[in-house]
Amino acid sequence: MVNYAPGTTGDKIINGPKAITEGWPSLKGTVFEKGVDAALRSSRKDEVYLFKGDQYALVKSAPGTTDDKIINGPKAITEGWPSLKGTVFENGIDAAVQSPANTEEVYLFTEDQYVLVNYAPGTTDDKIINGPKLIAEGWPSLKGTVFAS
């Protein structure tokens with residue numbers, strides 16, 4: 001766990017590093033035990049989506065404790081996010097960022113592509129709003145950088 005201060009050099013490790021299952025014991029014996037490709041904080045209190053390969057899980061956590069519980073999953077990404085079926089995102093998600101404009105919209109990234117999805121946390125009621133598209137199309141300032149490839 002890191003206490004970070006954007007725009008400063010005052011970042012500080014306050015806990016760890018340690019094995020994922022030391023902080024999230026519910027992940028023992030799952031694909032997430034060895035790592036996480038992407039995480040998305042849900043708009044519902046203390047819930048987080050984790051992504052690894054073509055799998056996802058929705059986990060409820062109690063911040064500052066090891067009292068966590070898998071609510072849903074691990075399952076194929078398309079079981080929880082059916083709008084991604086037939087897209088490159090059904091095979092994995094490299095990064096997930098909540099939209100600053102709407103807490104129920106998320107930008108998902110994989111390889112050189114992104115998609116904007118509207119989702120209802122804890123349900124399979126999701127809809128692609130924009131994409132999939134090349135990252136450089138949505139963020140022209142990233143063209144030619146490592147983020148666009």
# chains A, B, ... in the order shown; residues from 1 in each chain; ligands from 1
$ select_by_dssp --residues "stretch 27-139 of chain A" --states "strand (DSSP E)" --output "count of residues only"
48
$ residues_around --residues "stretch 118-129 of chain A" --least-positions-apart "5" --cutoff "6 Å" --atoms "only C-alpha atoms" --output "ChimeraX atom specification"
/A:80-81,83,104-105
$ residues_around --residues "A:Tyr56" --least-positions-apart "4" --cutoff "7 Å" --atoms "only C-alpha atoms" --output "PyMOL selection string"
chain A and resi 49-52+73-77
$ write_last_selection --atoms "C-alpha atoms" --output "mmCIF file, in the first residue's frame"
data_model
loop_
_atom_site.group_PDB
_atom_site.id
_atom_site.type_symbol
_atom_site.label_atom_id
_atom_site.label_comp_id
_atom_site.auth_asym_id
_atom_site.auth_seq_id
_atom_site.Cartn_x
_atom_site.Cartn_y
_atom_site.Cartn_z
ATOM 1 C CA TYR A 49 -12.979 -5.672 -9.952
ATOM 2 C CA LEU A 50 -9.785 -7.629 -10.593
ATOM 3 C CA PHE A 51 -8.686 -8.827 -14.042
ATOM 4 C CA LYS A 52 -6.121 -11.504 -14.927
ATOM 5 C CA GLY A 73 -15.939 -15.027 -9.979
ATOM 6 C CA PRO A 74 -13.365 -15.861 -10.957
ATOM 7 C CA LYS A 75 -15.189 -16.138 -14.258
ATOM 8 C CA ALA A 76 -14.571 -15.401 -17.908
ATOM 9 C CA ILE A 77 -14.575 -11.643 -18.499
#
$ closest_residue --among "A:Ile20, A:Leu27, A:Ala62, A:Val106" --to "A:Ser42" --atoms "only C-alpha atoms"
A:Val106
